[in-house]
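A.B. asks: This is the structure I want to talk about, given as structure tokens.
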Amino acid sequence: DEDCINILAQCKKAIPSREAGGKVIIIDIVVDSSLGQMFETQLLMDMAMMVYTRGRQRDENDWSSIFAKAGFSDYKIVKKLGVRGVIEVYP
């Protein structure tokens, strides 16, 4: 998470204010336990990601915490495409 926070903090420095249209767009998996059987698929993908890349899946609370630590003021999950989400993050 520390690398993710550092990268997002640098992105925040490079974009204009929210009023000037500044935002970061992230497309990633957003784990949601309310998806029932799809949740099992997300967990298997999480395990594979940890084994192959040392990465991990995040739920909305994880993303919210990362955005706050990187200095962003707000975010919204615009669309969910299966397990993937399009996230807009605002300075």
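Numbering starts fresh at 1 for the residues of each chain in the structure tokens, the chains themselves are lettered A, B, ... in the order given, and ligands are numbered from 1 as they appear.
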With stretch 63-81 of chain A as the partner and 10 Å as the cut-off, tabulate the residues of stretch 4-36 of chain A that qualify, each row holding the nearest pair of atoms and their distance in Å to one decimal, using only C-alpha atoms, sorted by chain and rising number, as CSV.

C.D. replies:
```
residue,atom,partner,partner_atom,distance
A:Cys4,CA,A:Ile66,CA,7.6
A:Ile5,CA,A:Ala70,CA,5.1
A:Asn6,CA,A:Ala70,CA,6.8
A:Ile7,CA,A:Ala70,CA,8.3
A:Leu8,CA,A:Ala70,CA,5.9
A:Ala9,CA,A:Ala70,CA,4.7
A:Gln10,CA,A:Ala70,CA,8.5
A:Cys11,CA,A:Ala70,CA,9.2
A:Lys12,CA,A:Phe72,CA,7.3
A:Lys13,CA,A:Gly71,CA,9.6
A:Arg18,CA,A:Ser73,CA,9.4
A:Lys23,CA,A:Tyr75,CA,9.0
A:Val24,CA,A:Tyr75,CA,9.2
A:Ile25,CA,A:Tyr75,CA,9.7
A:Ile26,CA,A:Ile77,CA,9.3
A:Ile27,CA,A:Lys80,CA,9.5
A:Asp28,CA,A:Lys80,CA,9.6
A:Ile29,CA,A:Lys80,CA,8.9
A:Val30,CA,A:Lys80,CA,8.3
```

A.B. asks: My list of candidates is A:Gln57, A:Tyr90, A:Gly85, A:Val31. Which is closest to A:Asp1 when distances are computed with only C-alpha atoms?

C.D. replies: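 Closest to A:Asp1 of all the choices is A:Gln57.
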